[in-house]
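K.L.:
What follows is coords.tsv, made up of TSV, C-alpha atoms:
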```
chain	number	residue	atom	x	y	z
S	937	LYS	CA	-60.81	-72.06	-48.28
S	938	PRO	CA	-64.63	-72.31	-48.21
S	939	GLY	CA	-66.84	-69.56	-46.85
S	940	ALA	CA	-67.02	-65.77	-46.96
S	941	GLU	CA	-63.24	-65.51	-47.38
S	942	CYS	CA	-63.46	-67.36	-50.70
S	943	ARG	CA	-66.47	-65.37	-51.92
S	944	ASP	CA	-64.77	-62.08	-51.09
S	945	ALA	CA	-61.50	-63.11	-52.77
S	946	VAL	CA	-63.30	-64.11	-56.00
S	947	ARG	CA	-65.30	-60.89	-56.05
S	948	ALA	CA	-62.18	-58.80	-55.38
S	949	ALA	CA	-60.27	-60.58	-58.14
S	950	LEU	CA	-62.97	-60.01	-60.74
S	951	ARG	CA	-63.38	-56.37	-59.76
S	952	SER	CA	-59.61	-55.94	-60.05
S	953	GLY	CA	-59.66	-57.10	-63.67
S	954	TYR	CA	-59.11	-60.85	-63.43
S	955	ARG	CA	-61.29	-62.88	-65.76
S	956	LEU	CA	-60.09	-66.43	-65.02
S	957	ILE	CA	-61.18	-68.24	-61.86
S	958	ASP	CA	-59.68	-71.64	-61.04
S	959	THR	CA	-61.20	-74.08	-58.53
S	960	SER	CA	-61.76	-77.81	-57.99
S	961	ALA	CA	-64.34	-80.10	-56.44
S	962	THR	CA	-61.60	-81.11	-54.00
S	963	TYR	CA	-61.27	-77.57	-52.64
S	964	ASN	CA	-64.83	-77.77	-51.22
S	965	ASN	CA	-65.46	-74.16	-52.28
S	966	GLU	CA	-67.28	-74.39	-55.61
S	967	GLU	CA	-70.51	-72.97	-54.15
S	968	ASP	CA	-68.62	-69.97	-52.76
S	969	VAL	CA	-66.81	-69.45	-56.06
S	970	GLY	CA	-70.16	-69.40	-57.84
S	971	LEU	CA	-71.57	-66.89	-55.36
S	972	GLY	CA	-68.47	-64.72	-55.68
S	973	ILE	CA	-68.88	-64.62	-59.46
S	974	SER	CA	-72.60	-63.83	-59.24
S	975	THR	CA	-72.01	-60.88	-56.89
S	976	ALA	CA	-69.14	-59.37	-58.91
S	977	GLY	CA	-71.51	-57.74	-61.41
S	978	LEU	CA	-70.18	-59.55	-64.50
S	979	ARG	CA	-71.98	-61.65	-67.07
S	980	ARG	CA	-71.21	-65.37	-66.90
S	981	GLU	CA	-69.71	-65.32	-70.40
S	982	ASP	CA	-67.20	-62.69	-69.29
S	983	VAL	CA	-65.60	-65.06	-66.77
S	984	PHE	CA	-63.38	-68.00	-67.76
S	985	LEU	CA	-64.29	-70.63	-65.17
S	986	VAL	CA	-62.09	-73.67	-64.51
S	987	THR	CA	-62.78	-76.65	-62.27
S	988	LYS	CA	-61.32	-80.14	-61.95
S	989	LEU	CA	-62.27	-83.81	-61.75
S	990	PRO	CA	-61.11	-85.46	-58.48
S	991	PRO	CA	-59.07	-88.69	-58.65
S	992	SER	CA	-61.85	-90.60	-56.84
S	993	GLU	CA	-64.23	-89.86	-59.73
S	994	HIS	CA	-62.13	-91.29	-62.55
S	995	GLY	CA	-63.98	-93.89	-64.60
S	996	ASP	CA	-66.44	-94.18	-67.45
S	997	LEU	CA	-68.81	-91.60	-68.91
S	998	GLU	CA	-71.38	-92.07	-66.16
S	999	ASP	CA	-68.80	-91.55	-63.41
S	1000	VAL	CA	-67.30	-88.42	-64.94
S	1001	ARG	CA	-70.62	-86.92	-65.97
S	1002	GLU	CA	-71.97	-87.34	-62.44
S	1003	ALA	CA	-68.91	-85.54	-61.07
S	1004	LEU	CA	-69.10	-82.68	-63.56
S	1005	GLU	CA	-72.83	-82.18	-63.10
S	1006	GLY	CA	-72.22	-81.97	-59.35
S	1007	SER	CA	-69.64	-79.25	-59.92
S	1008	LEU	CA	-71.97	-77.35	-62.26
S	1009	LYS	CA	-74.74	-77.43	-59.67
S	1010	ARG	CA	-72.45	-76.14	-56.94
S	1011	LEU	CA	-71.03	-73.43	-59.20
S	1012	GLY	CA	-74.49	-72.36	-60.33
S	1013	THR	CA	-73.74	-72.61	-64.04
S	1014	SER	CA	-74.71	-74.81	-66.99
S	1015	TYR	CA	-71.14	-75.17	-68.29
S	1016	VAL	CA	-67.50	-74.55	-67.39
S	1017	ASP	CA	-64.98	-73.04	-69.74
S	1018	LEU	CA	-62.34	-75.60	-68.85
S	1019	TYR	CA	-62.60	-78.97	-67.12
S	1020	LEU	CA	-59.35	-80.61	-66.03
S	1021	ILE	CA	-58.37	-84.04	-64.76
S	1022	LEU	CA	-56.89	-82.96	-61.43
S	1023	SER	CA	-54.25	-85.69	-61.25
S	1024	PRO	CA	-53.29	-88.91	-63.05
S	1025	LYS	CA	-53.22	-90.60	-59.64
S	1026	GLY	CA	-56.89	-91.57	-59.96
S	1027	GLY	CA	-55.93	-94.14	-62.60
S	1028	ASN	CA	-58.07	-95.35	-65.52
S	1029	ILE	CA	-56.89	-92.41	-67.59
S	1030	LEU	CA	-58.01	-93.56	-71.05
S	1031	ASP	CA	-61.63	-94.18	-70.04
S	1032	THR	CA	-61.65	-90.96	-68.05
S	1033	TRP	CA	-60.18	-88.88	-70.85
S	1034	GLU	CA	-62.64	-90.26	-73.41
S	1035	ALA	CA	-65.48	-89.34	-71.04
S	1036	MET	CA	-64.07	-85.81	-70.72
S	1037	LEU	CA	-64.06	-85.43	-74.51
S	1038	GLN	CA	-67.66	-86.63	-74.77
S	1039	LEU	CA	-68.82	-84.21	-72.09
S	1040	ARG	CA	-67.06	-81.37	-73.89
S	1041	ASP	CA	-68.78	-82.37	-77.12
S	1042	ALA	CA	-72.10	-82.28	-75.24
S	1043	GLY	CA	-71.46	-78.67	-74.23
S	1044	LEU	CA	-70.92	-79.19	-70.50
S	1045	ALA	CA	-67.36	-77.86	-70.87
S	1046	ARG	CA	-65.98	-75.61	-73.58
S	1047	ALA	CA	-62.52	-77.16	-73.32
S	1048	VAL	CA	-60.91	-80.06	-71.48
S	1049	GLY	CA	-57.41	-80.73	-70.28
S	1050	VAL	CA	-55.18	-82.24	-67.62
S	1051	SER	CA	-53.39	-81.16	-64.47
S	1052	ASN	CA	-50.17	-82.54	-62.97
S	1053	PHE	CA	-49.41	-84.72	-66.01
S	1054	GLY	CA	-45.70	-85.06	-66.69
S	1055	LEU	CA	-43.87	-85.28	-69.99
S	1056	VAL	CA	-44.32	-89.05	-70.42
S	1057	LEU	CA	-48.01	-89.09	-69.52
S	1058	LEU	CA	-48.84	-86.11	-71.72
S	1059	ASP	CA	-46.97	-87.57	-74.67
S	1060	VAL	CA	-48.51	-91.04	-74.42
S	1061	LEU	CA	-52.02	-89.71	-73.80
S	1062	ALA	CA	-51.75	-87.58	-76.93
S	1063	LYS	CA	-50.82	-90.69	-78.96
S	1064	ALA	CA	-53.17	-93.19	-77.31
S	1065	SER	CA	-56.40	-91.14	-77.38
S	1066	ARG	CA	-58.41	-89.55	-80.15
S	1067	GLU	CA	-57.31	-86.07	-79.09
S	1068	PRO	CA	-54.53	-84.63	-76.93
S	1069	PRO	CA	-55.48	-82.27	-74.10
S	1070	GLU	CA	-56.28	-78.68	-75.00
S	1071	VAL	CA	-54.72	-77.33	-71.79
S	1072	ALA	CA	-52.13	-78.63	-69.32
S	1073	GLN	CA	-51.87	-77.16	-65.81
S	1074	PHE	CA	-48.76	-77.84	-63.76
S	1075	GLU	CA	-46.40	-76.13	-61.32
S	1076	LEU	CA	-44.50	-73.52	-63.28
S	1077	HIS	CA	-42.68	-70.45	-62.00
S	1078	PHE	CA	-39.40	-68.56	-62.16
S	1079	ALA	CA	-37.63	-71.16	-59.99
S	1080	ASN	CA	-39.10	-74.21	-61.76
S	1081	GLN	CA	-39.48	-73.41	-65.44
S	1082	GLN	CA	-40.23	-76.96	-66.63
S	1083	ARG	CA	-38.45	-76.42	-69.95
S	1084	PRO	CA	-38.83	-79.95	-71.45
S	1085	LEU	CA	-42.54	-80.10	-70.53
S	1086	VAL	CA	-43.16	-76.59	-71.87
S	1087	ALA	CA	-41.43	-77.52	-75.14
S	1088	ARG	CA	-43.52	-80.67	-75.51
S	1089	CYS	CA	-46.75	-78.75	-74.88
S	1090	ALA	CA	-45.75	-76.30	-77.61
S	1091	ALA	CA	-45.07	-79.16	-80.03
S	1092	LEU	CA	-48.48	-80.71	-79.28
S	1093	GLY	CA	-50.35	-77.39	-79.44
S	1094	VAL	CA	-51.32	-77.65	-75.76
S	1095	ALA	CA	-51.92	-74.36	-73.95
S	1096	ILE	CA	-50.21	-73.99	-70.55
S	1097	MET	CA	-51.68	-72.87	-67.23
S	1098	ALA	CA	-49.00	-72.05	-64.67
S	1099	ALA	CA	-49.96	-73.35	-61.23
S	1100	ALA	CA	-48.17	-71.84	-58.21
S	1101	PRO	CA	-46.63	-69.00	-60.27
S	1102	LEU	CA	-45.39	-67.39	-57.04
S	1103	ALA	CA	-43.64	-70.60	-55.86
S	1104	GLY	CA	-45.80	-70.33	-52.76
S	1105	GLY	CA	-44.01	-67.07	-51.91
S	1106	ARG	CA	-41.32	-69.17	-50.25
S	1107	LEU	CA	-38.44	-67.61	-52.16
S	1108	PHE	CA	-39.51	-63.99	-51.88
S	1109	GLY	CA	-37.32	-61.66	-49.86
S	1110	SER	CA	-34.58	-64.24	-49.99
S	1111	ALA	CA	-30.93	-64.00	-50.88
S	1112	GLN	CA	-31.46	-67.28	-52.76
S	1113	THR	CA	-32.66	-65.39	-55.86
S	1114	SER	CA	-32.04	-62.02	-57.48
S	1115	LEU	CA	-35.76	-61.48	-58.06
S	1116	ALA	CA	-35.92	-59.06	-55.12
S	1117	VAL	CA	-33.11	-56.97	-56.63
S	1118	LEU	CA	-34.89	-56.76	-59.98
S	1119	ALA	CA	-38.20	-55.96	-58.26
S	1120	ALA	CA	-36.61	-53.10	-56.32
S	1121	ARG	CA	-35.01	-51.76	-59.48
S	1122	LYS	CA	-38.41	-51.69	-61.22
S	1123	SER	CA	-40.35	-50.47	-58.13
S	1124	ARG	CA	-42.53	-53.57	-58.30
S	1125	SER	CA	-43.10	-56.50	-55.96
S	1126	GLU	CA	-41.53	-59.92	-56.52
S	1127	ALA	CA	-45.05	-61.35	-56.95
S	1128	GLU	CA	-45.79	-58.90	-59.77
S	1129	LEU	CA	-42.59	-59.85	-61.55
S	1130	ALA	CA	-43.26	-63.57	-61.13
S	1131	VAL	CA	-46.74	-63.27	-62.66
S	1132	ARG	CA	-45.62	-60.88	-65.40
S	1133	TRP	CA	-42.86	-63.31	-66.42
S	1134	CYS	CA	-45.47	-66.05	-66.84
S	1135	LEU	CA	-47.79	-63.83	-68.87
S	1136	GLN	CA	-45.06	-62.67	-71.21
S	1137	ARG	CA	-44.07	-66.30	-71.76
S	1138	GLY	CA	-47.63	-66.92	-72.93
S	1139	PHE	CA	-48.75	-68.91	-69.87
S	1140	ALA	CA	-52.03	-68.34	-68.06
S	1141	ALA	CA	-50.99	-67.72	-64.45
S	1142	ILE	CA	-53.22	-68.51	-61.46
S	1143	PRO	CA	-51.75	-66.81	-58.37
S	1144	LYS	CA	-53.61	-67.33	-55.09
S	1145	SER	CA	-54.25	-64.92	-52.24
S	1146	LYS	CA	-57.06	-64.21	-49.80
S	1147	VAL	CA	-55.94	-60.59	-49.21
S	1148	ALA	CA	-57.73	-58.15	-51.54
S	1149	LYS	CA	-54.69	-55.85	-51.89
S	1150	ARG	CA	-52.46	-58.75	-52.87
S	1151	VAL	CA	-55.09	-60.11	-55.26
S	1152	GLU	CA	-55.01	-56.78	-57.09
S	1153	GLU	CA	-51.20	-56.59	-57.00
S	1154	ASN	CA	-50.83	-60.13	-58.34
S	1155	ALA	CA	-52.68	-59.17	-61.52
S	1156	ALA	CA	-49.40	-57.52	-62.64
S	1157	PHE	CA	-51.12	-54.78	-64.63
S	1158	GLY	CA	-49.56	-51.61	-65.99
S	1159	PHE	CA	-45.99	-52.64	-66.81
S	1160	SER	CA	-43.93	-55.04	-68.88
S	1161	LEU	CA	-40.56	-56.73	-68.58
S	1162	SER	CA	-37.80	-55.97	-71.04
S	1163	ALA	CA	-35.96	-58.67	-72.97
S	1164	SER	CA	-33.04	-58.36	-70.54
S	1165	ASP	CA	-35.44	-58.63	-67.57
S	1166	MET	CA	-36.88	-61.83	-69.03
S	1167	LEU	CA	-33.41	-63.27	-69.51
S	1168	GLU	CA	-32.46	-62.38	-65.96
S	1169	ILE	CA	-35.53	-64.14	-64.56
S	1170	GLY	CA	-34.90	-67.06	-66.89
S	1171	ARG	CA	-31.58	-67.63	-65.14
S	1172	LEU	CA	-33.38	-68.19	-61.80
S	1173	ASP	CA	-34.54	-71.68	-62.80
S	1174	ARG	CA	-33.37	-74.19	-60.18
S	1175	GLY	CA	-35.95	-76.99	-60.30
S	1176	TYR	CA	-37.50	-75.84	-57.02
S	1177	SER	CA	-40.90	-77.40	-56.25
S	1178	ALA	CA	-43.40	-75.76	-53.93
S	1179	CYS	CA	-46.25	-78.24	-54.52
S	1180	ARG	CA	-46.71	-81.77	-53.23
S	1181	ALA	CA	-49.10	-82.40	-56.12
S	1182	SER	CA	-46.17	-82.04	-58.54
S	1183	ARG	CA	-44.96	-85.50	-57.53
S	1184	ALA	CA	-47.55	-86.85	-59.96
S	1185	LEU	CA	-45.45	-85.47	-62.83
S	1186	GLU	CA	-43.18	-88.49	-62.39
S	1187	MET	CA	-45.99	-91.05	-62.53
S	1188	SER	CA	-45.66	-93.93	-65.00
S	1189	TRP	CA	-48.12	-94.65	-67.80
S	1190	ASP	CA	-48.88	-98.14	-66.43
S	1191	ALA	CA	-49.97	-96.64	-63.11
S	1192	ALA	CA	-52.05	-93.97	-64.85
S	1193	VAL	CA	-54.12	-96.48	-66.82
S	1194	ASP	CA	-54.60	-98.90	-63.93
S	1195	GLU	CA	-58.28	-99.25	-62.98
S	1196	VAL	CA	-57.88	-99.12	-59.20
S	1197	SER	CA	-57.09	-95.81	-57.60
S	1198	GLY	CA	-54.76	-96.07	-54.63
S	1199	VAL	CA	-54.82	-92.35	-53.92
S	1200	SER	CA	-57.12	-90.05	-52.00
S	1201	ASP	CA	-58.24	-86.71	-53.35
S	1202	ASP	CA	-56.32	-85.22	-50.44
S	1203	ASP	CA	-53.09	-86.85	-51.63
S	1204	ALA	CA	-53.53	-85.44	-55.11
S	1205	GLU	CA	-53.98	-81.79	-54.19
S	1206	ASP	CA	-51.57	-80.66	-51.49
S	1207	GLY	CA	-53.72	-81.66	-48.54
S	1208	LYS	CA	-56.77	-79.65	-49.57
S	1209	GLY	CA	-58.90	-82.52	-50.77
S	1210	GLN	CA	-61.74	-84.71	-49.59
S	1211	PRO	CA	-61.41	-87.92	-47.53
S	1212	ARG	CA	-60.38	-91.04	-49.40
S	1213	ARG	CA	-63.14	-92.75	-51.35
S	1214	ARG	CA	-62.86	-95.72	-53.71
S	1215	ARG	CA	-64.10	-95.15	-57.21
S	1216	LYS	CA	-67.26	-97.01	-58.21
S	1217	LYS	CA	-66.84	-100.17	-60.28
S	1218	ARG	CA	-69.28	-100.80	-63.13
S	1219	LYS	CA	-69.81	-103.85	-65.29
S	1220	GLY	CA	-67.95	-103.93	-68.56
S	1221	LYS	CA	-65.32	-101.39	-67.62
S	1222	GLY	CA	-61.84	-101.93	-68.97
S	1223	LYS	CA	-58.55	-100.19	-69.39
S	1224	GLY	CA	-59.22	-99.16	-72.97
S	1225	LYS	CA	-61.06	-96.15	-74.31
S	1226	GLY	CA	-64.43	-95.25	-72.87
S	1227	LYS	CA	-67.34	-97.47	-73.81
S	1228	GLY	CA	-70.17	-95.12	-72.90
S	1229	GLY	CA	-72.70	-93.96	-75.46
S	1230	PRO	CA	-73.28	-90.36	-76.57
S	1231	ALA	CA	-73.28	-87.91	-73.71
S	1232	GLY	CA	-76.51	-86.26	-74.79
S	1233	GLY	CA	-77.56	-82.82	-75.94
S	1234	SER	CA	-75.91	-79.50	-75.34
S	1235	ALA	CA	-76.19	-77.89	-71.97
S	1236	PRO	CA	-78.62	-74.96	-71.85
S	1237	GLY	CA	-76.81	-71.67	-72.25
S	1238	SER	CA	-73.63	-73.24	-73.56
S	1239	GLY	CA	-74.42	-72.72	-77.22
S	1240	GLY	CA	-73.43	-76.35	-77.81
S	1241	GLY	CA	-69.99	-75.22	-78.87
S	1242	LYS	CA	-67.35	-77.90	-79.16
S	1243	GLY	CA	-63.73	-77.47	-78.17
S	1244	GLY	CA	-60.99	-77.73	-80.73
S	1245	LYS	CA	-58.94	-80.77	-81.62
S	1246	GLY	CA	-55.63	-81.11	-79.85
S	1247	GLY	CA	-54.91	-77.67	-78.45
S	1248	GLY	CA	-57.78	-76.08	-80.37
S	1249	SER	CA	-58.44	-73.77	-77.43
S	1250	ALA	CA	-55.05	-72.09	-77.87
S	1251	ALA	CA	-56.47	-69.05	-79.67
S	1252	ARG	CA	-59.18	-68.59	-77.03
S	1253	TRP	CA	-56.57	-69.07	-74.31
S	1254	SER	CA	-54.30	-66.46	-75.93
S	1255	ASP	CA	-57.20	-64.00	-75.91
S	1256	MET	CA	-57.74	-64.67	-72.20
S	1257	VAL	CA	-54.06	-64.13	-71.37
S	1258	THR	CA	-54.05	-60.92	-73.40
S	1259	GLY	CA	-57.10	-59.74	-71.48
S	1260	LEU	CA	-55.26	-60.25	-68.19
S	1261	ARG	CA	-52.35	-58.07	-69.27
```
Turn this file's structure into structure tokens for me.
P.N.:
Amino acid sequence: KPGAECRDAVRAALRSGYRLIDTSATYNNEEDVGLGISTAGLRREDVFLVTKLPPSEHGDLEDVREALEGSLKRLGTSYVDLYLILSPKGGNILDTWEAMLQLRDAGLARAVGVSNFGLVLLDVLAKASREPPEVAQFELHFANQQRPLVARCAALGVAIMAAAPLAGGRLFGSAQTSLAVLAARKSRSEAELAVRWCLQRGFAAIPKSKVAKRVEENAAFGFSLSASDMLEIGRLDRGYSACRASRALEMSWDAAVDEVSGVSDDDAEDGKGQPRRRRKKRKGKGKGKGKGGPAGGSAPGSGGGKGGKGGGSAARWSDMVTGLR
């Protein structure tokens, strides 16, 4: 949510030990996220900043660069650590992905990846483009463990970011799961156990809360789960979805590469997006790989560093997850 609430939540998270902040142009809060980071007393390089490309901005290099530069301006930074395609529902995926790679190579993003891409889309994108994504973000929690998609990411060397790791809190305090029993036994909250399970599986978890006390609690510091605890939580998988955006996981490849977006940003991100807007059409655009020229020089302050090939950010991501423990 934009405004002081967002700024305060970001500042509280960073002061509690978080080092990864996730946002999107569709959340309409990038300026507040940037202000929250600047007032937390940390250096920019000590924060792993993630934002996302809206479906309405899918297209060629010019389209995607314009969108990313807008995000950078609002965030008050010259680069992001990770830039994600928010949803395949914007269409024109091959052109869009090629543009993302070129912008990473120009230093505007240290790594690039996708969000809400299912098993089929991730697999075909990895084969059809010059590089697979470095990171995949999708709904992943104790009640929806996405085992086939997790296995495919591991095979491709794609790091995983667990969206909605608390399942929206909808199953907490419920007789539907034994998580509450385990939490009571360990004198921890269900939220702490849900996040800790993700971290010990090697996933970067992005829990959300606007309450400072819960933000600190959700960091899941100061304890670990035993092997038997992990097995017990593993048995809670029931395919439960808490996110409307997860419907995109079932999208077909033909729809993902189509040039015309039939979705609003709002549709793609659980009702938090911007009003519907048709993507711009430019001469010479096609369904194949991007046709734009070089993206230009490195962004000031980015060091010009390029991301790795096909999951090359995995080591950096592992370091970030370790830092959150």
K.L.:
With distances taken over all atoms listed in the file, which of S:Leu1172, S:Ala1062, S:Ala1127, S:Ala1181 is nearest to S:Ala1099?
P.N.:
S:Ala1181
K.L.:
Nearest residue to S:Asp1017 out of S:Ala1163, S:Ala1042, S:Val983, S:Val1050, using all atoms listed in the file?
P.N.:
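Of S:Ala1163, S:Ala1042, S:Val983, S:Val1050, the one nearest S:Asp1017, counting all atoms listed in the file, is S:Val983.
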K.L.:
Restricting the calculation to all atoms listed in the file, which member of S:Arg979, S:Arg1132, S:Arg1150, S:Arg1124 is positioned closest to S:His1077?
P.N.:
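Using all atoms listed in the file, S:His1077 sits closest to S:Arg1132.
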K.L.:
Would you pick out the contacts of S:Gly1109 at 12 Å or less, using all atoms listed in the file, so that residues sharing its chain but fewer than 2 positions from it are not included, and give the list as a ChimeraX atom specification?
P.N.:
/S:1105-1107,1111-1120,1125-1127
K.L.:
Would you save the residues of that selection, restricted to C-alpha atoms, as a short mmCIF file (atom, residue, chain, number, x, y, z; two decimals), in the frame of the given file?
P.N.:
```cif
data_model
loop_
_atom_site.label_atom_id
_atom_site.label_comp_id
_atom_site.auth_asym_id
_atom_site.auth_seq_id
_atom_site.Cartn_x
_atom_site.Cartn_y
_atom_site.Cartn_z
CA GLY S 1105 -44.01 -67.07 -51.91
CA ARG S 1106 -41.32 -69.17 -50.25
CA LEU S 1107 -38.44 -67.61 -52.16
CA ALA S 1111 -30.93 -64.00 -50.88
CA GLN S 1112 -31.46 -67.28 -52.76
CA THR S 1113 -32.66 -65.39 -55.86
CA SER S 1114 -32.04 -62.02 -57.48
CA LEU S 1115 -35.76 -61.48 -58.06
CA ALA S 1116 -35.92 -59.06 -55.12
CA VAL S 1117 -33.11 -56.97 -56.63
CA LEU S 1118 -34.89 -56.76 -59.98
CA ALA S 1119 -38.20 -55.96 -58.26
CA ALA S 1120 -36.61 -53.10 -56.32
CA SER S 1125 -43.10 -56.50 -55.96
CA GLU S 1126 -41.53 -59.92 -56.52
CA ALA S 1127 -45.05 -61.35 -56.95
#
```
K.L.:
Which residue, S:Leu1004, S:Cys1089, S:Ala1072, S:Ala940, has the smallest gap to S:Met1036 when you use only C-alpha atoms?
P.N.:
S:Leu1004
K.L.:
What are the nearest atom pairs, with distances in Å to one decimal, for all residues of stretch 940-996 of chain S that come at most 12 Å from stretch 1152-1158 of chain S, using all atoms listed in the file, set out by chain and rising residue number as a Markdown table?
P.N.:
```
| residue | atom | partner | partner_atom | distance |
| --- | --- | --- | --- | --- |
| S:Ala945 | CA | S:Glu1152 | CA | 10.0 |
| S:Val946 | CA | S:Glu1152 | CA | 11.1 |
| S:Arg947 | CA | S:Glu1152 | CA | 11.1 |
| S:Ala948 | CA | S:Glu1152 | CA | 7.6 |
| S:Ala949 | CA | S:Glu1152 | CA | 6.6 |
| S:Leu950 | CA | S:Glu1152 | CA | 9.3 |
| S:Arg951 | CA | S:Glu1152 | CA | 8.8 |
| S:Ser952 | CA | S:Glu1152 | CA | 5.5 |
| S:Gly953 | CA | S:Ala1155 | CA | 7.6 |
| S:Tyr954 | CA | S:Ala1155 | CA | 6.9 |
| S:Arg955 | CA | S:Ala1155 | CA | 10.3 |
| S:Leu956 | CA | S:Ala1155 | CA | 10.9 |
```
K.L.:
Determine the nearest neighbour of S:Glu1186 from the options S:Lys1025, S:Arg1010, S:Arg1088, S:Arg1040, counting all atoms listed in the file.
P.N.:
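Ranking S:Lys1025, S:Arg1010, S:Arg1088, S:Arg1040 by distance to S:Glu1186, first place goes to S:Lys1025.
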K.L.:
Kindly indicate which residue among S:Phe984, S:Leu1011, S:Pro991, S:Met1097 lies nearest to S:Glu966, using only C-alpha atoms for the distances.
P.N.:
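Nearest candidate to S:Glu966 out of S:Phe984, S:Leu1011, S:Pro991, S:Met1097: S:Leu1011.
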K.L.:
Could you jot down the atom CA of S:Trp1033 to atom CA of S:Gly972 separation for me, Å, one decimal place?
P.N.:
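A separation of 29.7 Å between them.
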K.L.:
Please work out which residues fall within 8 Å of (-48.7, -82.7, -68.5), coordinates as given in the file, with all atoms listed in the file counting, and return them as a ChimeraX atom specification.
P.N.:
/S:1050-1058,1072-1074,1085,1089,1185
K.L.:
If we count all atoms listed in the file, what is near stretch 1142-1145 of chain S at a cut-off of 7 Å, once residues fewer than 6 positions away on the same chain are taken out, given as a list in words?
P.N.:
Ala1098, Ala1099, Ala1100, Pro1101, Leu1102, Val1151 and Asn1154 of chain S
K.L.:
Would you work out the distance separating atom CA of S:Ala1148 from atom CA of S:Ser1014, expressed in Å to one decimal?
P.N.:
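Answer for the atom CA of S:Ala1148 to atom CA of S:Ser1014 separation: 28.4 Å.
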K.L.:
Have a look at atom CA of S:Val1094 and atom CA of S:Ser1023 and let me know their distance in Å, one decimal.
P.N.:
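Taking atom CA of S:Val1094 and atom CA of S:Ser1023, their separation equals 16.8 Å.
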